[in-house]
Amino acid sequence: RSVEMAKLTQLIDNEVFRAYATYTVIILLKMMLMSLITAYFRITRKAFVNPEDTAVFGKGESAKKNLRTDPDVERVRRGHLNDLENIVPFLGIGLLYALSGPELSTALLHFRIFAGARIVHTFAYLIPLPQPSRGLSWAVGYAVTILMAYKVLKTALYL
Amino acid sequence: RSVEMAKLTQLIDNEVFRAYATYTVIILLKMMLMSLITAYFRITRKAFVNPEDTAVFGKGESAKKNLRTDPDVERVRRGHLNDLENIVPFLGIGLLYALSGPELSTALLHFRIFAGARIVHTFAYLIPLPQPSRGLSWAVGYAVTILMAYKVLKTALYL
Amino acid sequence: RSVEMAKLTQLIDNEVFRAYATYTVIILLKMMLMSLITAYFRITRKAFVNPEDTAVFGKGESAKKNLRTDPDVERVRRGHLNDLENIVPFLGIGLLYALSGPELSTALLHFRIFAGARIVHTFAYLIPLPQPSRGLSWAVGYAVTILMAYKVLKTALYL
């Protein structure tokens with residue numbers, strides 16, 4: 001078993017793989033933060049979707065009127081869904097890209113730009129910044145993912 | 001090719017990685033079950049969202065009135081989306097954690113608690129149980145994921 | 001470092017893993033296409049959800065009336081969410097399956113059927129084709145994922 005452990009440790013010791021691990025964790029933690037922001041707005045705006053949740057923050061009629069949608073809550077939820085739609089492809093394509101043997105400096109560039117673009121996207125969505133801030137930050141992350149996908153297919157294509 | 005296969009087999013023979021594989025498959029199957037539960041409620045409650053679906057379960061006017069939302073269907077869908085929001089981070093962070101060389105007993109503890117928390121969360125959402133059942137089970141899975149993320153960053157950080 | 005790189009390259013040189021990489025990238029690119037189709041319908045149907053987006057395509061009153069939902073936009077979004085719900089399990093279970101040492105021909109069959117089913121599902125949803133086209137294509141992808149999950153648990157089970 002210690003021999004296998006050593007092999008696994010070698011994977012995590014590889015610098016490209018460590019860079020992938022670092023930026024993946026950062027961007028997934030950022031995505032998870034959206035849950036906390038949603039909860040914060042639901043509680044401060046008193047805008048809940050489940051009857052059992054309203055009971056915690058009020059009773060009777062006042063509880064019922066908290067079963068409603070709120071523009072700020074819906075905005076955070078759209079940002080969260082947009083994260084899922086874009087970070088899931090990065091998770092899969094980025095892993096395969098990291099295993100396809102890219103140059104460390106090239107890989108770092110891709111990971112840093114993707115993570116940066118998604119962080120800018122979140123600020124652009126939540127503040128919100130005027131367009132095309134959100135559109136551009138989305139497009140940058142999208143383009144980086146497609147570049148990585150191209151590298152994976154060029155290296156590994158097996159149909 | 002047989003040499004490479006042997007190497008891959010070693011990865012799946014590693015006990016921590018096998019534990020990750022086991023709990024990931026369990027929790028993804030649980031998430032997939034949400035699709036079946038949604039379909040079950042859509043059919044029994046006659047609450048569809050696509051016109052082409054209502055045609056299967058009725059004709060003319062009776063088909064049209066089945067184009068509606070139903071509280072039970074919406075509840076399952078919210079549980080499904082919450083799964084996506086929390087299981088996607090586990091998928092990525094858990095894999096990197098499994099490759100970061102944790103103690104087998106520690107890794108098992110993290111995987112078991114996460115899987116258990118998500119199963120409790122599903123029951124708490126669908127029955128539904130009074131709060132804070134759902135909130136607590138969500139928070140436990142969230143906290144375990146953050147602990148694993150910390151271990152990955154401590155082992156692999158490469159910015 | 002060159003030794004570790006060699007090991008990583010071996011992983012991507014394994015034919016089953018290359019097949020997984022290829023079909024995963026294809027199906028993730030297909031999912032990413034849904035974002036572009038959504039944007040296309042939002043712009044051509046003038047149906048936006050964010051006030052800052054309407055400002056780009058009109059001013060004053062004409063901008064406000066573009067804050068609305070459109071059946072075509074909603075249809076693409078449902079297809080996108082269905083992709084997330086089904087491709088995320090494939091991402092995790094497929095990776096573990098590829099590492100569980102399946103026969104190359106068997107693995108290729110699973111990956112090809114899954115990718116084909118999801119592409120048919122997209123056409124069935126967007127055209128839309130009459131049921132049970134969409135239902136069947138969904139079920140085929142679902143069944144293939146469960147077969148792969150069974151293989152992973154048979155090979156790696158460690159509770």
# chains A, B, ... in the order shown; residues from 1 in each chain; ligands from 1

$ closest_atom_pairs --of "chain A" --to "chain C" --cutoff "7 Å" --atoms "only C-alpha atoms" --output "Markdown table"
| residue | atom | partner | partner_atom | distance |
| --- | --- | --- | --- | --- |
| A:Gln10 | CA | C:Glu4 | CA | 6.5 |
| A:Asn14 | CA | C:Glu4 | CA | 6.2 |
| A:Pro89 | CA | C:Leu28 | CA | 5.7 |
| A:Gly92 | CA | C:Leu91 | CA | 6.7 |
| A:Ile93 | CA | C:Val25 | CA | 6.2 |
| A:Leu96 | CA | C:Ala21 | CA | 6.4 |
| A:Leu99 | CA | C:Leu8 | CA | 5.8 |
| A:Ser100 | CA | C:Ile12 | CA | 6.0 |
| A:Gly101 | CA | C:Thr9 | CA | 6.2 |
| A:Pro130 | CA | C:Glu52 | CA | 5.8 |
| A:Gln131 | CA | C:Glu52 | CA | 6.2 |
| A:Ala149 | CA | C:Val25 | CA | 6.2 |
| A:Leu153 | CA | C:Thr22 | CA | 6.1 |
| A:Ala156 | CA | C:Arg18 | CA | 5.1 |
| A:Leu157 | CA | C:Thr22 | CA | 5.4 |
| A:Tyr158 | CA | C:Ala19 | CA | 5.0 |
| A:Leu159 | CA | C:Ala19 | CA | 6.3 |

$ select_by_dssp --residues "range 11-67 of chain C" --states "alpha helix (DSSP H)" --output "PyMOL selection string"
chain C and resi 11-13+15-44+51-54+60-64

$ write_last_selection --atoms "N, CA and C atoms" --output "tab-separated table (two decimals), in the first residue's frame"
chain	number	residue	atom	x	y	z
C	11	LEU	N	-0.78	8.27	-18.21
C	11	LEU	CA	-2.22	8.22	-17.93
C	11	LEU	C	-3.01	8.64	-19.16
C	12	ILE	N	-2.59	9.75	-19.78
C	12	ILE	CA	-3.31	10.25	-20.94
C	12	ILE	C	-3.01	9.39	-22.18
C	13	ASP	N	-1.96	8.53	-22.11
C	13	ASP	CA	-1.66	7.64	-23.23
C	13	ASP	C	-2.51	6.37	-23.17
C	15	GLU	N	-5.46	4.00	-23.55
C	15	GLU	CA	-6.52	4.18	-24.56
C	15	GLU	C	-7.91	4.38	-23.94
C	16	VAL	N	-8.21	3.65	-22.86
C	16	VAL	CA	-9.52	3.85	-22.21
C	16	VAL	C	-9.61	5.27	-21.67
C	17	PHE	N	-8.52	5.73	-21.08
C	17	PHE	CA	-8.54	7.08	-20.52
C	17	PHE	C	-8.66	8.14	-21.62
C	18	ARG	N	-7.99	7.89	-22.74
C	18	ARG	CA	-8.10	8.81	-23.87
C	18	ARG	C	-9.53	8.85	-24.40
C	19	ALA	N	-10.17	7.68	-24.46
C	19	ALA	CA	-11.57	7.64	-24.91
C	19	ALA	C	-12.45	8.44	-23.95
C	20	TYR	N	-12.22	8.25	-22.63
C	20	TYR	CA	-12.99	9.03	-21.65
C	20	TYR	C	-12.76	10.52	-21.87
C	21	ALA	N	-11.47	10.91	-22.05
C	21	ALA	CA	-11.15	12.32	-22.26
C	21	ALA	C	-11.86	12.86	-23.49
C	22	THR	N	-11.84	12.12	-24.57
C	22	THR	CA	-12.44	12.57	-25.82
C	22	THR	C	-13.95	12.78	-25.68
C	23	TYR	N	-14.65	11.79	-25.17
C	23	TYR	CA	-16.11	11.90	-25.10
C	23	TYR	C	-16.56	12.89	-24.01
C	24	THR	N	-15.75	13.01	-22.95
C	24	THR	CA	-16.08	14.00	-21.92
C	24	THR	C	-15.96	15.42	-22.49
C	25	VAL	N	-14.88	15.66	-23.25
C	25	VAL	CA	-14.72	17.00	-23.83
C	25	VAL	C	-15.84	17.28	-24.83
C	26	ILE	N	-16.19	16.29	-25.66
C	26	ILE	CA	-17.26	16.48	-26.64
C	26	ILE	C	-18.57	16.85	-25.95
C	27	ILE	N	-18.91	16.10	-24.91
C	27	ILE	CA	-20.22	16.29	-24.27
C	27	ILE	C	-20.24	17.58	-23.43
C	28	LEU	N	-19.07	17.97	-22.90
C	28	LEU	CA	-19.02	19.24	-22.17
C	28	LEU	C	-19.10	20.42	-23.14
C	29	LEU	N	-18.47	20.30	-24.32
C	29	LEU	CA	-18.59	21.37	-25.32
C	29	LEU	C	-20.04	21.49	-25.78
C	30	LYS	N	-20.71	20.34	-25.95
C	30	LYS	CA	-22.12	20.37	-26.32
C	30	LYS	C	-22.94	21.10	-25.24
C	31	MET	N	-22.64	20.81	-23.98
C	31	MET	CA	-23.36	21.49	-22.90
C	31	MET	C	-23.08	22.99	-22.93
C	32	MET	N	-21.82	23.36	-23.17
C	32	MET	CA	-21.47	24.78	-23.23
C	32	MET	C	-22.18	25.49	-24.38
C	33	LEU	N	-22.46	24.77	-25.45
C	33	LEU	CA	-23.19	25.34	-26.58
C	33	LEU	C	-24.56	25.88	-26.14
C	34	MET	N	-25.16	25.24	-25.12
C	34	MET	CA	-26.47	25.67	-24.64
C	34	MET	C	-26.44	27.13	-24.18
C	35	SER	N	-25.33	27.59	-23.62
C	35	SER	CA	-25.20	29.00	-23.21
C	35	SER	C	-25.33	29.91	-24.43
C	36	LEU	N	-24.66	29.55	-25.53
C	36	LEU	CA	-24.72	30.38	-26.73
C	36	LEU	C	-26.12	30.38	-27.32
C	37	ILE	N	-26.80	29.21	-27.30
C	37	ILE	CA	-28.16	29.13	-27.84
C	37	ILE	C	-29.10	29.99	-26.98
C	38	THR	N	-28.92	29.93	-25.66
C	38	THR	CA	-29.73	30.78	-24.78
C	38	THR	C	-29.52	32.25	-25.11
C	39	ALA	N	-28.26	32.65	-25.26
C	39	ALA	CA	-27.96	34.06	-25.57
C	39	ALA	C	-28.58	34.44	-26.91
C	40	TYR	N	-28.48	33.54	-27.90
C	40	TYR	CA	-29.05	33.81	-29.23
C	40	TYR	C	-30.55	34.07	-29.13
C	41	PHE	N	-31.28	33.21	-28.40
C	41	PHE	CA	-32.73	33.39	-28.27
C	41	PHE	C	-33.07	34.62	-27.43
C	42	ARG	N	-32.29	34.90	-26.38
C	42	ARG	CA	-32.55	36.10	-25.57
C	42	ARG	C	-32.45	37.35	-26.45
C	43	ILE	N	-31.44	37.38	-27.33
C	43	ILE	CA	-31.22	38.58	-28.15
C	43	ILE	C	-32.25	38.67	-29.28
C	44	THR	N	-32.50	37.54	-30.00
C	44	THR	CA	-33.44	37.60	-31.12
C	44	THR	C	-34.88	37.76	-30.63
C	51	PRO	N	-32.02	43.80	-15.73
C	51	PRO	CA	-32.24	45.16	-16.24
C	51	PRO	C	-31.01	45.70	-16.97
C	52	GLU	N	-29.79	45.39	-16.48
C	52	GLU	CA	-28.57	45.94	-17.11
C	52	GLU	C	-28.36	45.35	-18.51
C	53	ASP	N	-29.02	44.21	-18.81
C	53	ASP	CA	-28.88	43.61	-20.15
C	53	ASP	C	-29.80	44.29	-21.16
C	54	THR	N	-31.00	44.68	-20.71
C	54	THR	CA	-31.96	45.29	-21.63
C	54	THR	C	-31.44	46.63	-22.13
C	60	GLY	N	-35.14	53.24	-22.28
C	60	GLY	CA	-36.38	53.66	-21.63
C	60	GLY	C	-37.44	52.58	-21.63
C	61	GLU	N	-38.67	52.94	-22.08
C	61	GLU	CA	-39.81	52.03	-22.03
C	61	GLU	C	-39.57	50.77	-22.84
C	62	SER	N	-38.94	50.94	-24.04
C	62	SER	CA	-38.73	49.77	-24.90
C	62	SER	C	-37.76	48.80	-24.23
C	63	ALA	N	-36.84	49.33	-23.40
C	63	ALA	CA	-35.92	48.44	-22.69
C	63	ALA	C	-36.69	47.65	-21.63
C	64	LYS	N	-37.59	48.36	-20.88
C	64	LYS	CA	-38.33	47.71	-19.79
C	64	LYS	C	-39.18	46.55	-20.29

$ residues_around --residues "Ile113 in chain A" --least-positions-apart "4" --cutoff "8 Å" --atoms "only C-alpha atoms" --output "ChimeraX atom specification"
/A:109,117,140-141,144

$ write_last_selection --atoms "C-alpha atoms" --output "PDB file, in the first residue's frame"
ATOM      1  CA  LEU A 109      -1.912  31.253 -17.505  1.00  0.00           C
ATOM      2  CA  ALA A 117     -12.696  35.878 -15.080  1.00  0.00           C
ATOM      3  CA  VAL A 140     -13.157  35.126 -21.251  1.00  0.00           C
ATOM      4  CA  GLY A 141     -13.780  32.114 -18.999  1.00  0.00           C
ATOM      5  CA  VAL A 144     -10.160  29.697 -21.957  1.00  0.00           C
TER       6      VAL A 144
END

$ atom_distance --atom1 "CA of Ala98 in chain B" --atom2 "CA of Ala115 in chain B"
15.1 Å

$ atom_distance --atom1 "CA of Phe48 in chain A" --atom2 "CA of Leu67 in chain B"
24.5 Å

$ atom_distance --atom1 "CA of Arg75 in chain B" --atom2 "CA of Arg78 in chain A"
18.1 Å

$ residues_around --residues "range 123-127 of chain C" --least-positions-apart "4" --cutoff "7 Å" --atoms "only C-alpha atoms" --output "MDAnalysis selection string"
chainID C and resid 75:76 79 119 133:134

$ decode --residues "range 128-158 of chain B" --atoms "N, CA and C atoms" --output "CSV table (one decimal), in the first residue's frame"
chain,number,residue,atom,x,y,z
B,128,PRO,N,-41.5,17.3,4.2
B,128,PRO,CA,-40.3,17.8,4.7
B,128,PRO,C,-40.2,17.8,6.2
B,129,LEU,N,-39.0,17.7,6.8
B,129,LEU,CA,-38.8,17.8,8.2
B,129,LEU,C,-38.8,19.3,8.6
B,130,PRO,N,-39.3,19.6,9.8
B,130,PRO,CA,-39.2,21.0,10.3
B,130,PRO,C,-37.7,21.4,10.4
B,131,GLN,N,-37.5,22.7,10.1
B,131,GLN,CA,-36.2,23.3,10.3
B,131,GLN,C,-35.8,23.2,11.7
B,132,PRO,N,-34.5,23.1,12.1
B,132,PRO,CA,-33.3,23.3,11.2
B,132,PRO,C,-32.8,22.0,10.7
B,133,SER,N,-33.6,21.0,10.5
B,133,SER,CA,-33.1,19.7,10.0
B,133,SER,C,-32.4,19.9,8.6
B,134,ARG,N,-33.1,20.5,7.7
B,134,ARG,CA,-32.5,20.7,6.4
B,134,ARG,C,-31.3,21.6,6.4
B,135,GLY,N,-31.4,22.7,7.2
B,135,GLY,CA,-30.3,23.6,7.3
B,135,GLY,C,-29.0,23.0,7.9
B,136,LEU,N,-29.2,22.2,8.9
B,136,LEU,CA,-28.1,21.6,9.6
B,136,LEU,C,-27.4,20.5,8.7
B,137,SER,N,-28.2,19.7,8.0
B,137,SER,CA,-27.6,18.7,7.2
B,137,SER,C,-26.9,19.3,6.0
B,138,TRP,N,-27.4,20.4,5.5
B,138,TRP,CA,-26.7,21.2,4.5
B,138,TRP,C,-25.4,21.7,5.0
B,139,ALA,N,-25.4,22.3,6.2
B,139,ALA,CA,-24.2,22.9,6.8
B,139,ALA,C,-23.1,21.8,7.1
B,140,VAL,N,-23.5,20.6,7.5
B,140,VAL,CA,-22.5,19.6,7.8
B,140,VAL,C,-21.8,19.2,6.5
B,141,GLY,N,-22.5,19.0,5.4
B,141,GLY,CA,-21.9,18.6,4.1
B,141,GLY,C,-21.0,19.7,3.6
B,142,TYR,N,-21.4,21.0,3.8
B,142,TYR,CA,-20.7,22.2,3.4
B,142,TYR,C,-19.4,22.3,4.2
B,143,ALA,N,-19.5,22.0,5.5
B,143,ALA,CA,-18.3,22.2,6.4
B,143,ALA,C,-17.3,21.1,6.0
B,144,VAL,N,-17.7,19.9,5.8
B,144,VAL,CA,-16.8,18.8,5.4
B,144,VAL,C,-16.1,19.1,4.1
B,145,THR,N,-16.8,19.7,3.2
B,145,THR,CA,-16.1,20.0,1.9
B,145,THR,C,-15.1,21.1,2.1
B,146,ILE,N,-15.3,22.1,3.0
B,146,ILE,CA,-14.4,23.1,3.3
B,146,ILE,C,-13.1,22.6,4.0
B,147,LEU,N,-13.3,21.6,4.9
B,147,LEU,CA,-12.2,21.0,5.5
B,147,LEU,C,-11.3,20.2,4.5
B,148,MET,N,-11.9,19.6,3.6
B,148,MET,CA,-11.2,18.8,2.5
B,148,MET,C,-10.4,19.9,1.6
B,149,ALA,N,-11.1,21.0,1.3
B,149,ALA,CA,-10.5,22.0,0.5
B,149,ALA,C,-9.2,22.6,1.2
B,150,TYR,N,-9.3,22.7,2.5
B,150,TYR,CA,-8.2,23.2,3.3
B,150,TYR,C,-7.0,22.3,3.2
B,151,LYS,N,-7.3,21.0,3.3
B,151,LYS,CA,-6.2,20.0,3.2
B,151,LYS,C,-5.6,20.0,1.8
B,152,VAL,N,-6.4,20.1,0.8
B,152,VAL,CA,-5.8,20.2,-0.6
B,152,VAL,C,-4.9,21.4,-0.7
B,153,LEU,N,-5.4,22.6,-0.3
B,153,LEU,CA,-4.6,23.8,-0.4
B,153,LEU,C,-3.3,23.7,0.4
B,154,LYS,N,-3.4,23.1,1.6
B,154,LYS,CA,-2.2,22.9,2.4
B,154,LYS,C,-1.2,22.0,1.8
B,155,THR,N,-1.6,21.0,1.1
B,155,THR,CA,-0.7,20.0,0.4
B,155,THR,C,-0.2,20.5,-0.9
B,156,ALA,N,-1.1,21.2,-1.7
B,156,ALA,CA,-0.8,21.3,-3.1
B,156,ALA,C,-0.6,22.8,-3.6
B,157,LEU,N,-0.9,23.7,-2.7
B,157,LEU,CA,-0.9,25.1,-3.1
B,157,LEU,C,0.2,25.5,-4.1
B,158,TYR,N,-0.2,26.0,-5.2
B,158,TYR,CA,0.7,26.4,-6.3
B,158,TYR,C,0.0,27.5,-7.1
